[in-house]
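J.: Please find one structure pasted underneath; my questions will follow.
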2 protein chains.
Amino acid sequence: MDNILAVLKKTALFQQIKEKDICSLLKCLSAQQKLFAKNEIIFGINEKITAIGIILSGKVQIMKEDILGNRTILAVLGERDLFGEAFSFAKVEKIPVNVIAQENCEILMINYRNIISACALACPFHRQLVDNILLILAKKNVYLNQKIEHLGKRTTRDKLISFLSMQAQEAQAHTFQIPYNRQELADYLCVDRSAMSHELSKLGKEGMISFHKNQFTLYDPIEYDP
Amino acid sequence: MDNILAVLKKTALFQQIKEKDICSLLKCLSAQQKLFAKNEIIFGINEKITAIGIILSGKVQIMKEDILGNRTILAVLGERDLFGEAFSFAKVEKIPVNVIAQENCEILMINYRNIISACALACPFHRQLVDNILLILAKKNVYLNQKIEHLGKRTTRDKLISFLSMQAQEAQAHTFQIPYNRQELADYLCVDRSAMSHELSKLGKEGMISFHKNQFTLYDPIEYDP
DNA sequence: TCCTTTTCGTTGTAAAAACAACATACTTTT
DNA sequence: AAAAGTATGTTGTTTTTACAACGAAAAGGA
């Protein structure tokens with residue numbers, strides 16, 4: 001149990017909530033700890049889910065299967081990660097993915113209805129929980145919007161400029177580190193790695209940017225505008 | 001006031017809440033009605049916002065300005081629409097867009113903190129409000145994820161197949177209507193309209209799909225697999 | 001240090017998309 | 001019904017990308 005608490009207090013969902021309060025919260029949330037063996041299906045495609053899952057240990061795959069039967073791993077989640085929150089709160093009738101245990105897993109399941117239950121409102125830490133889930137959903141929203149802004153650009157070049165500009169803006173500096181290596185960046189921008197590498201070189205030759213490993217410098221585009 | 005209520009009861013935020021309850025809710029939310037003249041800035045870029053806006057009348061533009069000074073209209077919102085909810089709840093320090101009145105507007109402003117206030121928990125309809133905002137954020141999340149799935153495909157062809165497959169799945173039928181005309185679909189998928197039209201024709205000739213105006217039929221890809 | 005593995009850039013080729021320009025069909029207005 | 005406007009499909013050209021294959025540099029382990 002202490003083991004669980006140690007993990008939970010580090011999760012986004014239980015931020016700002018004291019360990020002892022987490023303890024009582026878990027009861028009023030009717031949280032259930034479940035074990036899944038490797039390759040076991042946690043949530044199946046076309047299911048309706050009403051619970052969110054928190055990974056206490058192990059790894060979980062979010063897997064999409066298209067009409068042709070092609071499988072795509074959308075994400076791999078690990079300890080402290082949350083899954084199913086968007087589908088649960090959006091009351092989606094049939095989830096379009098499989099959630100599968102990549103290895104043996106301990107998962108804490110919480111029914112989304114218990115999060116906004118009447119009790120929820122009585123305790124101050126329950127209010128914090130609602131605050132946290134709102135923060136999680138809203139942040140993801142912002143993140144997804146940013147990604148769409150990059151992916152919406154027609155060319156790899158424009159995708160790169162869009163991404164790097166945003167990174168510079170967030171760092172409030174012309175020189176900044178990006179959190180990806182080349183392959184990861186290509187995956188994030190949904191482009192071919194070598195083509196992206198080529199485009200980066202070109203941007204470098206044109207004096208728009210310079211870079212070394214994960215560190216990029218973005219020069220004022222105005223100065224280099226043709 | 002009755003006028004306001006008539007609009008509010010149709011908004012996603014106030015669903016399932018009775019008119020009389022909306023009335024008292026507005027007070028405990030300290031909701032403020034504000035007027036904006038055409039072209040007036042409602043939320044400015046780099047501001048920190050703590051309120052969400054509900055459009056009672058008029059239209060609002062969400063406008064992005066990139067480093068080069070290019071302006072892009074990300075969205076135009078109208079009566080009953082909500083804006084600023086993701087940035088407010090995500091506690092974003094500097095919003096990356098301008099929100100501008102496209103015409104004279106009446107906006108109802110609600111501070112996000114009041115939505116999850118202590119009071120919020122006492123009244124049952126306040127709980128409904130929290131439920132609604134969670135639903136709004138979660139649904140948007142699902143929507144954005146879907147869009148990213150389409151945009152993430154490398155080719156226009158794959159973007160189309162991804163989009164049409166999902167439409168078919170949602171309609172639970174091989175024949176279905178899409179909510180866009182060609183230009184809107186191209187904009188949604190972030191591709192060139194004529195190139196998309198060309199690809200649609202090709203898919204048609206290959207027997208994958210058939211279509212007339214907004215009605216599409218998707219044939220089982222297995223049968224037509226080369 | 002040497003070997004292995006991973007990461008990154010480069011090149012060439014074939015495929016695909018963007019773009020522009022035009023043709024056709026369908027709508028709406030007058 | 002004619003005219004104007006809009007939506008959609010078609011075609012050709014240029015640009016861009018994906019893909020594959022390779023080599024060099026860097027990182028990590030034995």
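Identifiers for the structure tokens are assigned positionally: chains receive A, B, ... in sequence, residues are indexed from 1 per chain, and ligands are indexed from 1 in the order shown.
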Mind listing as a list of chain:residue names which residues of chain C are within 9 Å of chain A, counting only C-alpha atoms (C1' of nucleotides)?
T.: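 The answer, sorted by residue number, is C:DT7, C:DC8, C:DG9, C:DT10, C:DA17, C:DA18.
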J.: What does the file look like for those residues with N, CA and C atoms (P, O5', C5', C4', C3', O3' and C1' of nucleotides), as an mmCIF file, in the first residue's frame?
T.:
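See part-v5.cif below for the written result:
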```cif
data_model
loop_
_atom_site.group_PDB
_atom_site.id
_atom_site.type_symbol
_atom_site.label_atom_id
_atom_site.label_comp_id
_atom_site.auth_asym_id
_atom_site.auth_seq_id
_atom_site.Cartn_x
_atom_site.Cartn_y
_atom_site.Cartn_z
ATOM 1 P P DT C 7 19.392 5.486 -31.444
ATOM 2 O "O5'" DT C 7 20.123 6.700 -32.164
ATOM 3 C "C5'" DT C 7 21.198 7.353 -31.500
ATOM 4 C "C4'" DT C 7 21.864 8.287 -32.482
ATOM 5 C "C3'" DT C 7 20.893 9.128 -33.314
ATOM 6 O "O3'" DT C 7 21.184 10.492 -33.088
ATOM 7 C "C1'" DT C 7 22.580 8.167 -34.673
ATOM 8 P P DC C 8 20.267 11.653 -33.671
ATOM 9 O "O5'" DC C 8 21.015 12.000 -35.027
ATOM 10 C "C5'" DC C 8 22.380 12.442 -34.976
ATOM 11 C "C4'" DC C 8 22.930 12.515 -36.376
ATOM 12 C "C3'" DC C 8 22.054 13.282 -37.366
ATOM 13 O "O3'" DC C 8 22.721 14.492 -37.697
ATOM 14 C "C1'" DC C 8 22.944 11.276 -38.303
ATOM 15 P P DG C 9 22.005 15.545 -38.656
ATOM 16 O "O5'" DG C 9 22.706 15.244 -40.044
ATOM 17 C "C5'" DG C 9 24.110 15.451 -40.165
ATOM 18 C "C4'" DG C 9 24.604 14.873 -41.479
ATOM 19 C "C3'" DG C 9 24.000 15.512 -42.737
ATOM 20 O "O3'" DG C 9 25.053 15.936 -43.576
ATOM 21 C "C1'" DG C 9 23.833 13.143 -42.829
ATOM 22 P P DT C 10 24.737 16.711 -44.919
ATOM 23 O "O5'" DT C 10 24.788 15.575 -46.024
ATOM 24 C "C5'" DT C 10 25.927 14.726 -46.110
ATOM 25 C "C4'" DT C 10 25.761 13.771 -47.294
ATOM 26 C "C3'" DT C 10 25.107 14.394 -48.525
ATOM 27 O "O3'" DT C 10 26.006 14.282 -49.626
ATOM 28 C "C1'" DT C 10 24.107 12.307 -47.979
ATOM 29 P P DA C 17 -0.033 12.100 -52.454
ATOM 30 O "O5'" DA C 17 0.540 13.559 -52.624
ATOM 31 C "C5'" DA C 17 1.480 14.002 -51.660
ATOM 32 C "C4'" DA C 17 1.768 15.462 -51.877
ATOM 33 C "C3'" DA C 17 0.517 16.323 -51.999
ATOM 34 O "O3'" DA C 17 0.643 17.439 -51.147
ATOM 35 C "C1'" DA C 17 1.902 16.596 -53.916
ATOM 36 P P DA C 18 -0.432 18.542 -51.099
ATOM 37 O "O5'" DA C 18 0.253 19.722 -51.930
ATOM 38 C "C5'" DA C 18 1.553 20.149 -51.555
ATOM 39 C "C4'" DA C 18 2.022 21.232 -52.502
ATOM 40 C "C3'" DA C 18 1.031 22.381 -52.676
ATOM 41 O "O3'" DA C 18 1.732 23.609 -52.631
ATOM 42 C "C1'" DA C 18 1.519 21.384 -54.784
#
```
J.: For the interface of chain D with chain A (cut-off 12 Å, counting only C-alpha atoms (C1' of nucleotides)), please tabulate each contacting residue of chain D alongside its nearest pair of atoms and their separation in Å to one decimal, rows sorted by chain and increasing number, as a tab-separated table.
T.:
```
residue	atom	partner	partner_atom	distance
D:DT15	C1'	A:Thr155	CA	10.3
D:DT16	C1'	A:Thr155	CA	7.3
D:DT17	C1'	A:Ala195	CA	6.9
D:DA18	C1'	A:Asp192	CA	6.6
D:DC19	C1'	A:Asp192	CA	8.6
D:DA20	C1'	A:Ser194	CA	10.4
D:DA21	C1'	A:Ser194	CA	11.5
D:DA25	C1'	A:Lys213	CA	11.8
D:DA26	C1'	A:Lys213	CA	10.5
```
J.: Mind listing the alpha helix (DSSP H) residues of segment 2-218 of chain B, per DSSP on the backbone, as a VMD selection string?
T.: chain B and resid 2 to 8 19 to 28 85 to 89 112 to 115 118 to 122 124 to 151 156 to 171 182 to 189 193 to 205
J.: As a PDB file with C-alpha atoms, in the first residue's frame, please: the residues near Ile107 of chain A (cut-off 6 Å, only C-alpha atoms (C1' of nucleotides), same-chain neighbours under 5 positions excluded).
T.:
```
ATOM      1  CA  GLN A  33      -6.046  -2.315  -8.047  1.00  0.00           C
ATOM      2  CA  LYS A  34      -5.865  -4.887 -10.821  1.00  0.00           C
ATOM      3  CA  ILE A  54      -3.175   4.651 -13.630  1.00  0.00           C
ATOM      4  CA  ILE A  55      -0.091   2.538 -14.190  1.00  0.00           C
ATOM      5  CA  LEU A  56       1.447   1.578 -10.864  1.00  0.00           C
TER       6      LEU A  56
END
```
J.: I want to know what sits within 12 Å of DC3 of chain C, based on only C-alpha atoms (C1' of nucleotides), with residues of the same chain fewer than 2 positions away left out; could you give that as a PyMOL selection string?
T.: (chain C and resi 1+5) or (chain D and resi 28-30)
J.: Keeping only N, CA and C atoms (P, O5', C5', C4', C3', O3' and C1' of nucleotides), write the selected residues as a PDB file, in the first residue's frame.
T.:
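So result.pdb came out as:
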```
ATOM      1  P    DT C   1      42.934   4.374 -26.780  1.00  0.00           P
ATOM      2  O5'  DT C   1      42.926   2.783 -26.717  1.00  0.00           O
ATOM      3  C5'  DT C   1      44.043   1.947 -26.782  1.00  0.00           C
ATOM      4  C4'  DT C   1      43.488   0.618 -27.217  1.00  0.00           C
ATOM      5  C3'  DT C   1      42.851   0.649 -28.610  1.00  0.00           C
ATOM      6  O3'  DT C   1      43.201  -0.534 -29.316  1.00  0.00           O
ATOM      7  C1'  DT C   1      41.240  -0.069 -27.033  1.00  0.00           C
ATOM      8  P    DT C   5      25.912  -5.575 -32.712  1.00  0.00           P
ATOM      9  O5'  DT C   5      25.266  -4.166 -32.327  1.00  0.00           O
ATOM     10  C5'  DT C   5      25.316  -3.735 -30.948  1.00  0.00           C
ATOM     11  C4'  DT C   5      24.820  -2.312 -30.881  1.00  0.00           C
ATOM     12  C3'  DT C   5      23.617  -2.013 -31.791  1.00  0.00           C
ATOM     13  O3'  DT C   5      22.597  -1.440 -31.006  1.00  0.00           O
ATOM     14  C1'  DT C   5      25.320  -0.400 -32.094  1.00  0.00           C
TER      15       DT C   5
ATOM     16  P    DG D  28      26.115   7.090 -24.391  1.00  0.00           P
ATOM     17  O5'  DG D  28      26.169   5.500 -24.270  1.00  0.00           O
ATOM     18  C5'  DG D  28      25.617   4.685 -25.299  1.00  0.00           C
ATOM     19  C4'  DG D  28      26.141   3.267 -25.174  1.00  0.00           C
ATOM     20  C3'  DG D  28      26.598   2.882 -23.763  1.00  0.00           C
ATOM     21  O3'  DG D  28      26.006   1.642 -23.411  1.00  0.00           O
ATOM     22  C1'  DG D  28      28.325   2.445 -25.327  1.00  0.00           C
ATOM     23  P    DG D  29      26.295   1.023 -21.964  1.00  0.00           P
ATOM     24  O5'  DG D  29      27.051  -0.341 -22.321  1.00  0.00           O
ATOM     25  C5'  DG D  29      26.945  -0.828 -23.644  1.00  0.00           C
ATOM     26  C4'  DG D  29      27.724  -2.105 -23.843  1.00  0.00           C
ATOM     27  C3'  DG D  29      28.207  -2.825 -22.578  1.00  0.00           C
ATOM     28  O3'  DG D  29      28.137  -4.234 -22.795  1.00  0.00           O
ATOM     29  C1'  DG D  29      30.088  -2.082 -23.858  1.00  0.00           C
ATOM     30  P    DA D  30      28.627  -5.210 -21.696  1.00  0.00           P
ATOM     31  O5'  DA D  30      29.951  -5.798 -22.327  1.00  0.00           O
ATOM     32  C5'  DA D  30      29.937  -6.285 -23.684  1.00  0.00           C
ATOM     33  C4'  DA D  30      31.327  -6.764 -24.071  1.00  0.00           C
ATOM     34  C3'  DA D  30      31.997  -7.646 -23.021  1.00  0.00           C
ATOM     35  O3'  DA D  30      32.715  -8.694 -23.682  1.00  0.00           O
ATOM     36  C1'  DA D  30      33.323  -5.717 -23.390  1.00  0.00           C
TER      37       DA D  30
END
```
J.: Please identify all residues of chain A having at least one atom at most 6 Å from any atom of chain B, considering only C-alpha atoms, and return them as an MDAnalysis selection string.
T.: chainID A and resid 86 89:90 121 135 138:139 141 152 190
